[in-house]
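Student: Just passing along the structure, written as structure tokens.
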Amino acid sequence: MEKIKFALSDTETVDFFVLEQTRIGGTDYILVTDMEDGDGDALILKDLSGPEDAEAIYEIVSDDNEMEAVADVFEKMLDDIEFVSE
């Protein structure tokens, strides 16, 4: 499982493990978790970067309809995953 570091600010970073990635309607999404093994918290991130950006720019998917559609795709891709809203 790939581990990537996200910069939250100039001084704060967080590590996530990438479970899966997909492209829907020309937009890239990644499913990440905070734990390599077990039942960690998962987030769906949307790639906002353009072709001129040196690094990817991600934001957490917050729109309910978009979240449901992308979560559906990830659930079909991964047999052992189920999304639970909090």
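Going by the structure tokens order, chains are called A, B, ..., each with residues numbered from 1, while ligands are numbered from 1 in the order shown.
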Determine which residues of chain A DSSP labels as alpha helix (DSSP H) from the backbone of this structure, then write them out as a ChimeraX atom specification.

Tutor: /A:64-77

Student: Skip segment 13-15 of chain A itself and residues of its chain fewer than 3 positions away, then list as a list in words all residues within 8 Å of it, counting only C-alpha atoms.

Tutor: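 Selected residues are Lys3, Ile4, Lys5, Phe6, Ala7, Leu8, Ser9 and Asp34 of chain A.
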
Student: Residues at most 12 Å from Met67 of chain A, counting only C-alpha atoms, excluding those fewer than 5 positions away in the same chain, as an MDAnalysis selection string?

Tutor: chainID A and resid 24 29:31 43:46 60:62 72:75 83:85

Student: Quick one: write out the picked residues with N, CA, C and O atoms as a PDB file, in the first residue's frame?

Tutor:
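Everything below was put into result34.pdb:
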ATOM      1  N   ILE A  24     -13.307   9.682 -12.643  1.00  0.00           N
ATOM      2  CA  ILE A  24     -14.730   9.751 -12.967  1.00  0.00           C
ATOM      3  C   ILE A  24     -14.996  11.098 -13.618  1.00  0.00           C
ATOM      4  O   ILE A  24     -14.704  12.141 -13.023  1.00  0.00           O
ATOM      5  N   TYR A  29      -9.832  10.794  -8.313  1.00  0.00           N
ATOM      6  CA  TYR A  29     -10.174  10.647  -6.899  1.00  0.00           C
ATOM      7  C   TYR A  29      -9.269   9.587  -6.299  1.00  0.00           C
ATOM      8  O   TYR A  29      -8.907   8.620  -6.965  1.00  0.00           O
ATOM      9  N   ILE A  30      -8.915   9.763  -5.018  1.00  0.00           N
ATOM     10  CA  ILE A  30      -8.192   8.728  -4.297  1.00  0.00           C
ATOM     11  C   ILE A  30      -8.920   8.439  -2.993  1.00  0.00           C
ATOM     12  O   ILE A  30      -9.520   9.318  -2.378  1.00  0.00           O
ATOM     13  N   LEU A  31      -8.874   7.180  -2.613  1.00  0.00           N
ATOM     14  CA  LEU A  31      -9.416   6.736  -1.342  1.00  0.00           C
ATOM     15  C   LEU A  31      -8.229   6.490  -0.421  1.00  0.00           C
ATOM     16  O   LEU A  31      -7.351   5.700  -0.736  1.00  0.00           O
ATOM     17  N   LEU A  43     -11.000   8.641   3.822  1.00  0.00           N
ATOM     18  CA  LEU A  43     -11.424   9.877   3.169  1.00  0.00           C
ATOM     19  C   LEU A  43     -11.366   9.686   1.669  1.00  0.00           C
ATOM     20  O   LEU A  43     -10.497   8.977   1.157  1.00  0.00           O
ATOM     21  N   ILE A  44     -12.280  10.337   0.972  1.00  0.00           N
ATOM     22  CA  ILE A  44     -12.201  10.397  -0.482  1.00  0.00           C
ATOM     23  C   ILE A  44     -11.716  11.795  -0.826  1.00  0.00           C
ATOM     24  O   ILE A  44     -12.314  12.788  -0.413  1.00  0.00           O
ATOM     25  N   LEU A  45     -10.612  11.854  -1.546  1.00  0.00           N
ATOM     26  CA  LEU A  45     -10.008  13.128  -1.921  1.00  0.00           C
ATOM     27  C   LEU A  45     -10.127  13.328  -3.423  1.00  0.00           C
ATOM     28  O   LEU A  45      -9.969  12.390  -4.213  1.00  0.00           O
ATOM     29  N   LYS A  46     -10.377  14.562  -3.809  1.00  0.00           N
ATOM     30  CA  LYS A  46     -10.557  14.961  -5.205  1.00  0.00           C
ATOM     31  C   LYS A  46      -9.342  15.769  -5.646  1.00  0.00           C
ATOM     32  O   LYS A  46      -8.915  16.687  -4.940  1.00  0.00           O
ATOM     33  N   ILE A  60     -10.910  17.252   0.364  1.00  0.00           N
ATOM     34  CA  ILE A  60     -11.846  16.226   0.793  1.00  0.00           C
ATOM     35  C   ILE A  60     -13.168  16.458   0.086  1.00  0.00           C
ATOM     36  O   ILE A  60     -13.670  17.582   0.035  1.00  0.00           O
ATOM     37  N   VAL A  61     -13.731  15.395  -0.470  1.00  0.00           N
ATOM     38  CA  VAL A  61     -15.037  15.495  -1.122  1.00  0.00           C
ATOM     39  C   VAL A  61     -16.069  15.734  -0.035  1.00  0.00           C
ATOM     40  O   VAL A  61     -16.204  14.936   0.896  1.00  0.00           O
ATOM     41  N   SER A  62     -16.802  16.835  -0.147  1.00  0.00           N
ATOM     42  CA  SER A  62     -17.779  17.183   0.885  1.00  0.00           C
ATOM     43  C   SER A  62     -19.214  17.215   0.361  1.00  0.00           C
ATOM     44  O   SER A  62     -20.156  17.134   1.145  1.00  0.00           O
ATOM     45  N   ASP A  72     -19.658   4.737  -4.096  1.00  0.00           N
ATOM     46  CA  ASP A  72     -20.227   3.588  -4.799  1.00  0.00           C
ATOM     47  C   ASP A  72     -19.196   2.923  -5.709  1.00  0.00           C
ATOM     48  O   ASP A  72     -19.073   1.702  -5.736  1.00  0.00           O
ATOM     49  N   VAL A  73     -18.456   3.742  -6.439  1.00  0.00           N
ATOM     50  CA  VAL A  73     -17.427   3.227  -7.348  1.00  0.00           C
ATOM     51  C   VAL A  73     -16.338   2.510  -6.553  1.00  0.00           C
ATOM     52  O   VAL A  73     -15.936   1.394  -6.897  1.00  0.00           O
ATOM     53  N   PHE A  74     -15.868   3.124  -5.477  1.00  0.00           N
ATOM     54  CA  PHE A  74     -14.818   2.496  -4.664  1.00  0.00           C
ATOM     55  C   PHE A  74     -15.308   1.202  -4.019  1.00  0.00           C
ATOM     56  O   PHE A  74     -14.558   0.231  -3.921  1.00  0.00           O
ATOM     57  N   GLU A  75     -16.559   1.164  -3.563  1.00  0.00           N
ATOM     58  CA  GLU A  75     -17.087  -0.061  -2.964  1.00  0.00           C
ATOM     59  C   GLU A  75     -17.109  -1.202  -3.981  1.00  0.00           C
ATOM     60  O   GLU A  75     -16.853  -2.356  -3.641  1.00  0.00           O
ATOM     61  N   PHE A  83     -18.505   1.833   3.322  1.00  0.00           N
ATOM     62  CA  PHE A  83     -18.480   3.194   3.855  1.00  0.00           C
ATOM     63  C   PHE A  83     -19.591   3.380   4.863  1.00  0.00           C
ATOM     64  O   PHE A  83     -20.736   2.975   4.633  1.00  0.00           O
ATOM     65  N   VAL A  84     -19.245   3.982   5.995  1.00  0.00           N
ATOM     66  CA  VAL A  84     -20.193   4.293   7.039  1.00  0.00           C
ATOM     67  C   VAL A  84     -20.083   5.779   7.334  1.00  0.00           C
ATOM     68  O   VAL A  84     -19.000   6.266   7.658  1.00  0.00           O
ATOM     69  N   SER A  85     -21.184   6.497   7.200  1.00  0.00           N
ATOM     70  CA  SER A  85     -21.187   7.941   7.502  1.00  0.00           C
ATOM     71  C   SER A  85     -21.283   8.149   8.990  1.00  0.00           C
ATOM     72  O   SER A  85     -21.969   7.415   9.700  1.00  0.00           O
TER      73      SER A  85
END

Student: Where in chain A does DSSP assign strand (DSSP E), given as a PyMOL selection string?

Tutor: chain A and resi 2-7+13-24+27-33+42-47+58-60

Student: Using only C-alpha atoms, which of the listed residues (A:Met77, A:Asp41, A:Ala71, A:Val32) sits closest to Tyr58 of chain A?

Tutor: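 Ranking A:Met77, A:Asp41, A:Ala71, A:Val32 by distance to Tyr58 of chain A, first place goes to A:Val32.
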
Student: Interatomic distance between atom CA of Gly40 of chain A and atom CA of Leu19 of chain A?

Tutor: 11.4 Å
